[in-house]
file my_file17.txt (compact mmCIF, C-alpha atoms)
# COMPACT_ATOMS: atom_id res chain seq x y z
CA MET S 1 -11.38 -12.67 8.75
CA ALA S 2 -8.08 -11.18 9.81
CA ASP S 3 -6.56 -14.62 10.26
CA VAL S 4 -4.18 -15.68 7.55
CA LYS S 5 -3.70 -19.41 7.39
CA LYS S 6 -1.15 -21.40 5.47
CA PHE S 7 -3.03 -23.33 2.79
CA MET S 8 -1.31 -26.03 0.82
CA TYR S 9 -2.84 -27.70 -2.20
CA VAL S 10 -1.27 -31.09 -2.79
CA ASN S 11 -1.56 -32.34 -6.35
CA ARG S 12 -0.88 -36.06 -6.60
CA LYS S 13 -2.68 -37.24 -9.73
CA ALA S 14 -1.91 -37.16 -13.45
CA PRO S 15 -3.73 -34.36 -15.28
CA TYR S 16 -6.22 -36.35 -17.37
CA GLY S 17 -6.83 -39.87 -16.03
CA THR S 18 -9.20 -38.43 -13.43
CA ILE S 19 -10.75 -35.02 -12.84
CA TYR S 20 -8.86 -34.32 -9.60
CA ALA S 21 -6.20 -32.13 -11.21
CA LEU S 22 -8.66 -29.90 -13.07
CA GLU S 23 -11.00 -29.49 -10.11
CA SER S 24 -8.06 -28.87 -7.77
CA LEU S 25 -6.97 -26.00 -9.98
CA GLU S 26 -10.49 -24.59 -9.77
CA VAL S 27 -10.22 -24.55 -5.98
CA VAL S 28 -6.84 -22.81 -6.14
CA LEU S 29 -8.16 -20.08 -8.42
CA ILE S 30 -11.22 -19.42 -6.24
CA GLY S 31 -9.14 -19.69 -3.06
CA ALA S 32 -6.74 -17.02 -4.34
CA ALA S 33 -9.42 -14.40 -3.65
CA PHE S 34 -9.25 -15.11 0.09
CA ASP S 35 -5.81 -13.58 0.75
CA GLN S 36 -4.40 -16.61 2.49
CA ASP S 37 -0.81 -17.85 2.40
CA VAL S 38 -1.04 -20.30 -0.50
CA SER S 39 1.41 -22.98 -1.64
CA LEU S 40 1.01 -25.69 -4.24
CA ALA S 41 2.84 -29.00 -4.02
CA PHE S 42 3.19 -31.39 -6.93
CA VAL S 43 4.10 -34.92 -5.95
CA ASP S 44 3.81 -38.44 -7.39
CA ASP S 45 1.99 -38.40 -10.77
CA GLY S 46 0.96 -34.83 -9.93
CA VAL S 47 4.24 -33.65 -11.46
CA TYR S 48 2.81 -34.51 -14.88
CA GLN S 49 0.29 -31.70 -14.41
CA LEU S 50 3.03 -29.13 -14.97
CA THR S 51 4.63 -30.69 -18.03
CA LYS S 52 4.81 -28.48 -21.09
CA ASP S 53 3.50 -29.16 -24.58
CA GLN S 54 0.53 -31.17 -23.39
CA ASP S 55 -1.69 -32.34 -26.24
CA THR S 56 -5.06 -33.84 -25.38
CA THR S 57 -6.35 -34.17 -28.93
CA GLY S 58 -6.12 -37.94 -28.78
CA VAL S 59 -8.21 -38.32 -25.62
CA GLY S 60 -10.75 -35.64 -26.51
CA ILE S 61 -10.54 -33.93 -23.13
CA LYS S 62 -10.07 -30.20 -22.65
CA ASN S 63 -6.40 -29.23 -22.30
CA PHE S 64 -6.32 -27.00 -19.24
CA SER S 65 -2.54 -26.92 -18.80
CA LYS S 66 -2.25 -23.27 -19.87
CA THR S 67 -4.19 -22.29 -16.76
CA TYR S 68 -1.12 -23.02 -14.61
CA SER S 69 0.69 -20.12 -16.25
CA ALA S 70 -2.06 -17.79 -14.97
CA LEU S 71 -1.37 -18.70 -11.33
CA GLY S 72 1.18 -15.88 -11.03
CA ASP S 73 -1.54 -13.37 -11.91
CA TYR S 74 -3.57 -14.75 -9.00
CA GLU S 75 -0.59 -14.12 -6.70
CA VAL S 76 0.01 -17.82 -6.37
CA SER S 77 3.78 -17.80 -6.51
CA LYS S 78 4.91 -20.72 -4.36
CA ILE S 79 4.87 -23.87 -6.41
CA TYR S 80 6.87 -26.77 -5.04
CA VAL S 81 7.77 -29.85 -7.05
CA ASP S 82 9.06 -33.05 -5.51
CA GLN S 83 12.50 -33.96 -6.88
CA GLU S 84 12.12 -37.68 -6.29
CA SER S 85 8.78 -37.73 -8.10
CA LEU S 86 10.45 -36.13 -11.12
CA ASP S 87 13.35 -38.58 -10.93
CA GLU S 88 11.09 -41.61 -10.67
CA ARG S 89 9.37 -40.56 -13.89
CA GLY S 90 12.47 -39.58 -15.85
CA LEU S 91 11.48 -35.91 -15.79
CA THR S 92 13.57 -32.82 -15.11
CA LEU S 93 12.69 -29.18 -14.48
CA ASP S 94 13.16 -28.58 -18.23
CA ASP S 95 10.15 -30.79 -18.95
CA LEU S 96 7.92 -28.49 -16.93
CA GLN S 97 6.30 -25.21 -17.91
CA HIS S 98 8.27 -22.11 -16.96
CA LEU S 99 5.93 -20.52 -14.40
CA VAL S 100 6.62 -17.00 -13.21
CA TRP S 101 5.15 -14.30 -10.99
CA GLU S 102 5.79 -10.57 -10.70
CA ASP S 103 7.18 -9.36 -7.38
CA GLU S 104 5.37 -6.19 -6.39
CA ASP S 105 8.03 -5.44 -3.74
CA ASP S 106 10.87 -5.71 -6.24
CA ASP S 107 9.73 -3.35 -9.01
CA TRP S 108 7.53 -6.10 -10.49
CA ALA S 109 10.54 -8.22 -11.31
CA GLU S 110 9.59 -11.50 -12.95
CA LYS S 111 10.56 -14.44 -10.76
CA ASP S 112 10.33 -18.20 -11.04
CA SER S 113 7.39 -19.76 -9.22
CA ILE S 114 8.59 -23.35 -9.27
CA ARG S 115 10.99 -24.63 -6.67
CA VAL S 116 12.15 -28.22 -6.70
CA LEU S 117 12.40 -29.70 -3.21
CA SER S 118 13.69 -33.00 -1.91
CA ARG S 119 11.09 -35.26 -0.37
CA ALA S 120 12.46 -34.47 3.09
CA GLU S 121 12.15 -30.72 2.44
CA MET S 122 8.64 -31.29 1.15
CA ALA S 123 7.76 -33.10 4.37
CA ASP S 124 9.02 -30.13 6.41
CA LEU S 125 6.89 -27.80 4.30
CA PHE S 126 3.79 -29.92 4.95
CA GLU S 127 4.51 -29.71 8.65
CA GLU S 128 4.24 -25.90 8.56
CA GLN S 129 0.75 -25.82 7.02
CA ASP S 130 -2.55 -25.03 8.71
CA VAL S 131 -4.79 -26.46 5.99
CA VAL S 132 -3.76 -29.18 3.55
CA LEU S 133 -6.07 -29.89 0.64
CA SER S 134 -4.98 -33.06 -1.08
CA PHE S 135 -6.20 -33.86 -4.57
CA MET H 136 -22.14 -33.45 25.90
CA ASP H 137 -21.88 -29.78 26.63
CA GLN H 138 -19.59 -27.65 24.57
CA ASP H 139 -16.41 -27.27 26.58
CA GLU H 140 -13.08 -25.62 25.97
CA ASN H 141 -11.77 -28.81 24.40
CA ALA H 142 -14.52 -28.79 21.80
CA MET H 143 -13.25 -28.38 18.27
CA LYS H 144 -14.75 -26.92 15.18
CA PHE H 145 -14.43 -29.37 12.29
CA ALA H 146 -15.02 -28.96 8.59
CA LEU H 147 -15.28 -32.03 6.36
CA LEU H 148 -14.44 -32.31 2.69
CA ILE H 149 -16.04 -35.23 0.84
CA ASN H 150 -14.34 -36.08 -2.44
CA GLU H 151 -15.89 -39.40 -3.45
CA GLY H 152 -19.36 -40.58 -4.39
CA PRO H 153 -21.72 -42.96 -2.60
CA TYR H 154 -21.49 -46.79 -2.49
CA GLN H 155 -18.54 -46.90 -4.91
CA HIS H 156 -16.27 -45.64 -2.16
CA GLN H 157 -16.27 -45.75 1.62
CA ALA H 158 -15.25 -42.10 2.05
CA ILE H 159 -18.76 -40.85 2.65
CA ASP H 160 -19.46 -43.60 5.19
CA SER H 161 -16.29 -42.78 7.10
CA ALA H 162 -17.23 -39.11 7.06
CA TYR H 163 -20.69 -39.95 8.38
CA HIS H 164 -19.33 -42.00 11.26
CA PHE H 165 -16.77 -39.31 12.01
CA ALA H 166 -19.41 -36.57 12.01
CA LYS H 167 -21.71 -38.55 14.31
CA ALA H 168 -18.90 -39.40 16.71
CA ALA H 169 -17.65 -35.81 16.79
CA LEU H 170 -21.15 -34.44 17.41
CA ASP H 171 -21.73 -37.03 20.15
CA LYS H 172 -18.56 -35.82 21.86
CA GLY H 173 -19.78 -32.24 21.81
CA HIS H 174 -17.66 -31.01 18.91
CA GLU H 175 -19.00 -28.73 16.22
CA ILE H 176 -19.25 -29.59 12.53
CA PHE H 177 -18.97 -26.17 10.95
CA ARG H 178 -19.62 -27.40 7.43
CA VAL H 179 -19.52 -30.46 5.21
CA PHE H 180 -18.39 -29.63 1.70
CA PHE H 181 -19.06 -32.00 -1.20
CA TYR H 182 -16.64 -31.88 -4.11
CA HIS H 183 -15.54 -34.00 -7.08
CA ASP H 184 -17.80 -37.10 -7.26
CA GLY H 185 -18.70 -36.33 -3.65
CA VAL H 186 -21.53 -34.18 -5.01
CA ASN H 187 -23.33 -37.39 -6.02
CA ASN H 188 -24.02 -38.04 -2.33
CA ALA H 189 -26.58 -35.24 -2.55
CA THR H 190 -28.90 -36.77 -5.14
CA ASN H 191 -32.40 -37.69 -4.04
CA MET H 192 -32.85 -39.90 -7.13
CA ALA H 193 -30.85 -42.88 -5.86
CA VAL H 194 -32.77 -45.98 -4.80
CA PRO H 195 -30.41 -48.25 -2.88
CA PRO H 196 -31.60 -51.75 -1.86
CA GLN H 197 -33.74 -51.73 1.27
CA ASP H 198 -31.38 -53.96 3.23
CA ASP H 199 -28.55 -51.47 2.82
CA ARG H 200 -27.94 -47.98 4.20
CA ASN H 201 -29.40 -45.01 2.35
CA ILE H 202 -26.42 -42.67 2.38
CA THR H 203 -28.16 -39.52 1.22
CA GLN H 204 -31.00 -40.05 3.68
CA GLN H 205 -28.49 -40.59 6.50
CA TRP H 206 -27.02 -37.17 5.81
CA SER H 207 -30.39 -35.47 5.39
CA GLU H 208 -31.43 -36.81 8.79
CA LEU H 209 -28.14 -35.91 10.44
CA ALA H 210 -28.37 -32.41 9.00
CA LYS H 211 -31.88 -32.01 10.34
CA ALA H 212 -30.98 -33.30 13.79
CA HIS H 213 -27.89 -31.12 14.18
CA ASP H 214 -28.60 -28.21 11.85
CA LEU H 215 -25.60 -29.13 9.71
CA ASP H 216 -24.48 -27.04 6.77
CA LEU H 217 -24.13 -29.47 3.86
CA VAL H 218 -22.73 -27.58 0.89
CA VAL H 219 -22.45 -29.01 -2.61
CA CYS H 220 -20.01 -27.34 -5.01
CA ILE H 221 -21.99 -25.79 -7.83
CA ALA H 222 -19.37 -26.30 -10.55
CA ALA H 223 -18.81 -29.95 -9.64
CA ALA H 224 -22.57 -30.47 -9.25
CA GLN H 225 -23.49 -29.01 -12.62
CA ARG H 226 -20.97 -31.25 -14.39
CA ARG H 227 -22.53 -34.29 -12.76
CA GLY H 228 -26.20 -33.38 -12.95
CA ILE H 229 -26.96 -32.41 -9.36
CA LEU H 230 -29.38 -29.48 -9.48
CA ASP H 231 -31.55 -27.61 -7.01
CA GLU H 232 -34.89 -26.11 -8.07
CA ASN H 233 -33.34 -22.80 -9.13
CA GLU H 234 -30.58 -24.36 -11.19
CA ALA H 235 -32.89 -26.90 -12.83
CA GLU H 236 -35.15 -24.08 -13.95
CA ARG H 237 -32.27 -21.88 -15.04
CA GLN H 238 -30.67 -24.68 -17.07
CA GLY H 239 -33.97 -25.80 -18.57
CA LYS H 240 -33.89 -29.26 -16.96
CA SER H 241 -37.03 -31.24 -16.26
CA CYS H 242 -36.40 -31.81 -12.57
CA ALA H 243 -34.25 -30.93 -9.61
CA ASN H 244 -32.62 -33.69 -7.57
CA LEU H 245 -30.89 -32.05 -4.62
CA ALA H 246 -31.82 -33.91 -1.45
CA ASP H 247 -33.23 -32.28 1.69
CA GLY H 248 -30.70 -30.65 3.95
CA PHE H 249 -28.16 -29.94 1.20
CA ARG H 250 -27.54 -26.60 -0.45
CA ILE H 251 -25.59 -25.67 -3.57
CA SER H 252 -22.95 -22.98 -3.38
CA GLY H 253 -19.47 -22.06 -4.56
CA LEU H 254 -15.94 -23.21 -3.80
CA GLY H 255 -15.43 -20.15 -1.63
CA GLN H 256 -17.44 -22.03 0.99
CA LEU H 257 -14.69 -24.65 1.14
CA ILE H 258 -11.94 -22.07 1.58
CA GLU H 259 -13.98 -20.26 4.23
CA ALA H 260 -14.44 -23.57 6.04
CA GLY H 261 -10.67 -24.07 5.99
CA ILE H 262 -10.16 -20.61 7.48
CA ILE H 263 -12.80 -20.86 10.19
CA ALA H 264 -12.55 -24.49 11.27
CA ASP H 265 -9.88 -25.72 13.67
CA ARG H 266 -9.41 -28.76 11.44
CA LEU H 267 -10.41 -29.44 7.86
CA ILE H 268 -10.60 -33.18 7.28
CA THR H 269 -10.61 -34.72 3.81
CA PHE H 270 -12.45 -37.96 3.07
CA GLY H 271 -11.39 -39.56 -0.19
CA ASP H 272 -8.40 -41.11 -1.90
call {"tool": "encode", "arguments": {"input": "my_file17.txt", "output": "structure tokens"}}
result
Amino acid sequence: MADVKKFMYVNRKAPYGTIYALESLEVVLIGAAFDQDVSLAFVDDGVYQLTKDQDTTGVGIKNFSKTYSALGDYEVSKIYVDQESLDERGLTLDDLQHLVWEDEDDDWAEKDSIRVLSRAEMADLFEEQDVVLSF
Amino acid sequence: MDQDENAMKFALLINEGPYQHQAIDSAYHFAKAALDKGHEIFRVFFYHDGVNNATNMAVPPQDDRNITQQWSELAKAHDLDLVVCIAAAQRRGILDENEAERQGKSCANLADGFRISGLGQLIEAGIIADRLITFGD
């Protein structure tokens, strides 16, 4: 399988109301082993998945939010967040976890994984993809 | 209906369960239409509540379609690869003989024509197929 395809995982749902967010993350982690060109997009209520200080005690569901900080170790370093989705929900980048990856080609320098894109930029990014998995 | 150079290789991802949601019906009609036109269905992957389409324990009313049976028959007729995600299936109680025994459950309920495997099968389908099509919300 010499072909490298551009895979994008689109995360659209809040982290706990449904299981889509958790099971999407499971696909991303398994998919990381396939050496494809992977991006994650967080749009609509999906932006809530990345918020920091999540506490699920009240709903009695497993808090899986720390798993996002492991994505860098899986060489998943391109995480795109939709600016308008943040704005619509009164969120800013500061409300999100600080996700980083280590750049092997730059003496393992620690770099930010999250990039905030306008909706128009996000649309352009979608256009470039070979496989879009929308959860 | 010969395979020609315009024939495509499709993979389908089913994310919703039976009867509650039309996703599986749309996927079924798509698969049949694609096969009729000489295209290939490389794999159908069942994820999220989509794994519930693979239970052989459902008893829908006789005047309605039997979704699981439709897929079992389509798989038999066209040698389809129907793959149910093991992690999603275990959460929701869809087990083949091996898993039922391993987990100490009293019975297996995976319908004919389906097999249980890992998420890697979905990624591989995305790599190999010309188009991966998602059915769900």
call {"tool": "atom_distance", "arguments": {"input": "my_file17.txt", "atom1": "CA of Ile258 in chain H", "atom2": "CA of Tyr80 in chain S"}}
result
20.5 Å
call {"tool": "interface_residues", "arguments": {"input": "my_file17.txt", "of": "chain H", "to": "chain S", "cutoff": "12 Å", "atoms": "only C-alpha atoms", "output": "ChimeraX atom specification"}}
result
/H:145-151,182-185,220-224,226-227,253-272
call {"tool": "closest_residue", "arguments": {"input": "my_file17.txt", "among": "H:Gln197, H:Lys172, H:Asn233, H:Phe249", "to": "Lys211 in chain H", "atoms": "only C-alpha atoms"}}
result
H:Phe249
call {"tool": "residues_around", "arguments": {"input": "my_file17.txt", "residues": "Ala41 in chain S", "least_positions_apart": "4", "cutoff": "12 Å", "atoms": "only C-alpha atoms", "output": "ChimeraX atom specification"}}
result
/S:7-13,21,24-25,28,45-47,49-50,76-83,85,113-119,121-123,125-126,129,132-135
call {"tool": "write_last_selection", "arguments": {"input": "my_file17.txt", "atoms": "C-alpha atoms", "output": "PDB file, in the coordinates of the input"}}
result
ATOM      1  CA  PHE S   7      -3.030 -23.330   2.790  1.00  0.00           C
ATOM      2  CA  MET S   8      -1.310 -26.030   0.820  1.00  0.00           C
ATOM      3  CA  TYR S   9      -2.840 -27.700  -2.200  1.00  0.00           C
ATOM      4  CA  VAL S  10      -1.270 -31.090  -2.790  1.00  0.00           C
ATOM      5  CA  ASN S  11      -1.560 -32.340  -6.350  1.00  0.00           C
ATOM      6  CA  ARG S  12      -0.880 -36.060  -6.600  1.00  0.00           C
ATOM      7  CA  LYS S  13      -2.680 -37.240  -9.730  1.00  0.00           C
ATOM      8  CA  ALA S  21      -6.200 -32.130 -11.210  1.00  0.00           C
ATOM      9  CA  SER S  24      -8.060 -28.870  -7.770  1.00  0.00           C
ATOM     10  CA  LEU S  25      -6.970 -26.000  -9.980  1.00  0.00           C
ATOM     11  CA  VAL S  28      -6.840 -22.810  -6.140  1.00  0.00           C
ATOM     12  CA  ASP S  45       1.990 -38.400 -10.770  1.00  0.00           C
ATOM     13  CA  GLY S  46       0.960 -34.830  -9.930  1.00  0.00           C
ATOM     14  CA  VAL S  47       4.240 -33.650 -11.460  1.00  0.00           C
ATOM     15  CA  GLN S  49       0.290 -31.700 -14.410  1.00  0.00           C
ATOM     16  CA  LEU S  50       3.030 -29.130 -14.970  1.00  0.00           C
ATOM     17  CA  VAL S  76       0.010 -17.820  -6.370  1.00  0.00           C
ATOM     18  CA  SER S  77       3.780 -17.800  -6.510  1.00  0.00           C
ATOM     19  CA  LYS S  78       4.910 -20.720  -4.360  1.00  0.00           C
ATOM     20  CA  ILE S  79       4.870 -23.870  -6.410  1.00  0.00           C
ATOM     21  CA  TYR S  80       6.870 -26.770  -5.040  1.00  0.00           C
ATOM     22  CA  VAL S  81       7.770 -29.850  -7.050  1.00  0.00           C
ATOM     23  CA  ASP S  82       9.060 -33.050  -5.510  1.00  0.00           C
ATOM     24  CA  GLN S  83      12.500 -33.960  -6.880  1.00  0.00           C
ATOM     25  CA  SER S  85       8.780 -37.730  -8.100  1.00  0.00           C
ATOM     26  CA  SER S 113       7.390 -19.760  -9.220  1.00  0.00           C
ATOM     27  CA  ILE S 114       8.590 -23.350  -9.270  1.00  0.00           C
ATOM     28  CA  ARG S 115      10.990 -24.630  -6.670  1.00  0.00           C
ATOM     29  CA  VAL S 116      12.150 -28.220  -6.700  1.00  0.00           C
ATOM     30  CA  LEU S 117      12.400 -29.700  -3.210  1.00  0.00           C
ATOM     31  CA  SER S 118      13.690 -33.000  -1.910  1.00  0.00           C
ATOM     32  CA  ARG S 119      11.090 -35.260  -0.370  1.00  0.00           C
ATOM     33  CA  GLU S 121      12.150 -30.720   2.440  1.00  0.00           C
ATOM     34  CA  MET S 122       8.640 -31.290   1.150  1.00  0.00           C
ATOM     35  CA  ALA S 123       7.760 -33.100   4.370  1.00  0.00           C
ATOM     36  CA  LEU S 125       6.890 -27.800   4.300  1.00  0.00           C
ATOM     37  CA  PHE S 126       3.790 -29.920   4.950  1.00  0.00           C
ATOM     38  CA  GLN S 129       0.750 -25.820   7.020  1.00  0.00           C
ATOM     39  CA  VAL S 132      -3.760 -29.180   3.550  1.00  0.00           C
ATOM     40  CA  LEU S 133      -6.070 -29.890   0.640  1.00  0.00           C
ATOM     41  CA  SER S 134      -4.980 -33.060  -1.080  1.00  0.00           C
ATOM     42  CA  PHE S 135      -6.200 -33.860  -4.570  1.00  0.00           C
TER      43      PHE S 135
END
call {"tool": "atom_distance", "arguments": {"input": "my_file17.txt", "atom1": "CA of Glu128 in chain S", "atom2": "CA of Met143 in chain H"}}
result
20.2 Å
call {"tool": "atom_distance", "arguments": {"input": "my_file17.txt", "atom1": "CA of Asp53 in chain S", "atom2": "CA of Glu102 in chain S"}}
result
23.3 Å
call {"tool": "closest_residue", "arguments": {"input": "my_file17.txt", "among": "H:Ala142, H:Arg237, H:Phe177, H:Tyr154", "to": "Val194 in chain H", "atoms": "only C-alpha atoms"}}
result
H:Tyr154
call {"tool": "closest_residue", "arguments": {"input": "my_file17.txt", "among": "H:Trp206, H:His174, H:His213, H:Ala243", "to": "Asn188 in chain H", "atoms": "all atoms listed in the file"}}
result
H:Trp206
call {"tool": "decode", "arguments": {"input": "my_file17.txt", "residues": "range 244-255 of chain H", "atoms": "N, CA, C and O atoms", "output": "PDB file, in the first residue's frame"}}
result
ATOM      1  N   ASN H 244     -24.986 -13.744  18.159  1.00  0.00           N
ATOM      2  CA  ASN H 244     -26.117 -13.199  17.405  1.00  0.00           C
ATOM      3  C   ASN H 244     -25.699 -12.515  16.100  1.00  0.00           C
ATOM      4  O   ASN H 244     -26.448 -11.718  15.546  1.00  0.00           O
ATOM      5  N   LEU H 245     -24.511 -12.819  15.623  1.00  0.00           N
ATOM      6  CA  LEU H 245     -24.072 -12.207  14.367  1.00  0.00           C
ATOM      7  C   LEU H 245     -24.730 -12.937  13.198  1.00  0.00           C
ATOM      8  O   LEU H 245     -24.636 -14.159  13.072  1.00  0.00           O
ATOM      9  N   ALA H 246     -25.396 -12.163  12.354  1.00  0.00           N
ATOM     10  CA  ALA H 246     -26.150 -12.751  11.243  1.00  0.00           C
ATOM     11  C   ALA H 246     -25.215 -13.287  10.157  1.00  0.00           C
ATOM     12  O   ALA H 246     -24.045 -12.889  10.057  1.00  0.00           O
ATOM     13  N   ASP H 247     -25.786 -14.176   9.320  1.00  0.00           N
ATOM     14  CA  ASP H 247     -25.030 -14.764   8.212  1.00  0.00           C
ATOM     15  C   ASP H 247     -24.512 -13.678   7.277  1.00  0.00           C
ATOM     16  O   ASP H 247     -25.219 -12.707   6.989  1.00  0.00           O
ATOM     17  N   GLY H 248     -23.308 -13.872   6.810  1.00  0.00           N
ATOM     18  CA  GLY H 248     -22.752 -12.954   5.813  1.00  0.00           C
ATOM     19  C   GLY H 248     -21.970 -11.804   6.410  1.00  0.00           C
ATOM     20  O   GLY H 248     -21.311 -11.067   5.681  1.00  0.00           O
ATOM     21  N   PHE H 249     -22.075 -11.617   7.729  1.00  0.00           N
ATOM     22  CA  PHE H 249     -21.313 -10.565   8.406  1.00  0.00           C
ATOM     23  C   PHE H 249     -20.094 -11.188   9.081  1.00  0.00           C
ATOM     24  O   PHE H 249     -20.120 -12.358   9.460  1.00  0.00           O
ATOM     25  N   ARG H 250     -19.041 -10.392   9.235  1.00  0.00           N
ATOM     26  CA  ARG H 250     -17.925 -10.840  10.054  1.00  0.00           C
ATOM     27  C   ARG H 250     -17.494  -9.695  10.957  1.00  0.00           C
ATOM     28  O   ARG H 250     -17.725  -8.522  10.656  1.00  0.00           O
ATOM     29  N   ILE H 251     -16.888 -10.050  12.081  1.00  0.00           N
ATOM     30  CA  ILE H 251     -16.443  -9.054  13.048  1.00  0.00           C
ATOM     31  C   ILE H 251     -14.945  -8.849  12.903  1.00  0.00           C
ATOM     32  O   ILE H 251     -14.179  -9.816  12.817  1.00  0.00           O
ATOM     33  N   SER H 252     -14.539  -7.598  12.814  1.00  0.00           N
ATOM     34  CA  SER H 252     -13.108  -7.317  12.722  1.00  0.00           C
ATOM     35  C   SER H 252     -12.830  -5.918  13.259  1.00  0.00           C
ATOM     36  O   SER H 252     -13.721  -5.290  13.835  1.00  0.00           O
ATOM     37  N   GLY H 253     -11.614  -5.442  13.070  1.00  0.00           N
ATOM     38  CA  GLY H 253     -11.209  -4.187  13.696  1.00  0.00           C
ATOM     39  C   GLY H 253     -11.377  -2.967  12.801  1.00  0.00           C
ATOM     40  O   GLY H 253     -11.678  -3.066  11.611  1.00  0.00           O
ATOM     41  N   LEU H 254     -11.157  -1.805  13.410  1.00  0.00           N
ATOM     42  CA  LEU H 254     -11.290  -0.528  12.707  1.00  0.00           C
ATOM     43  C   LEU H 254     -10.293  -0.363  11.563  1.00  0.00           C
ATOM     44  O   LEU H 254     -10.501   0.437  10.654  1.00  0.00           O
ATOM     45  N   GLY H 255      -9.208  -1.129  11.632  1.00  0.00           N
ATOM     46  CA  GLY H 255      -8.240  -1.065  10.539  1.00  0.00           C
ATOM     47  C   GLY H 255      -8.875  -1.407   9.201  1.00  0.00           C
ATOM     48  O   GLY H 255      -8.444  -0.921   8.153  1.00  0.00           O
TER      49      GLY H 255
END
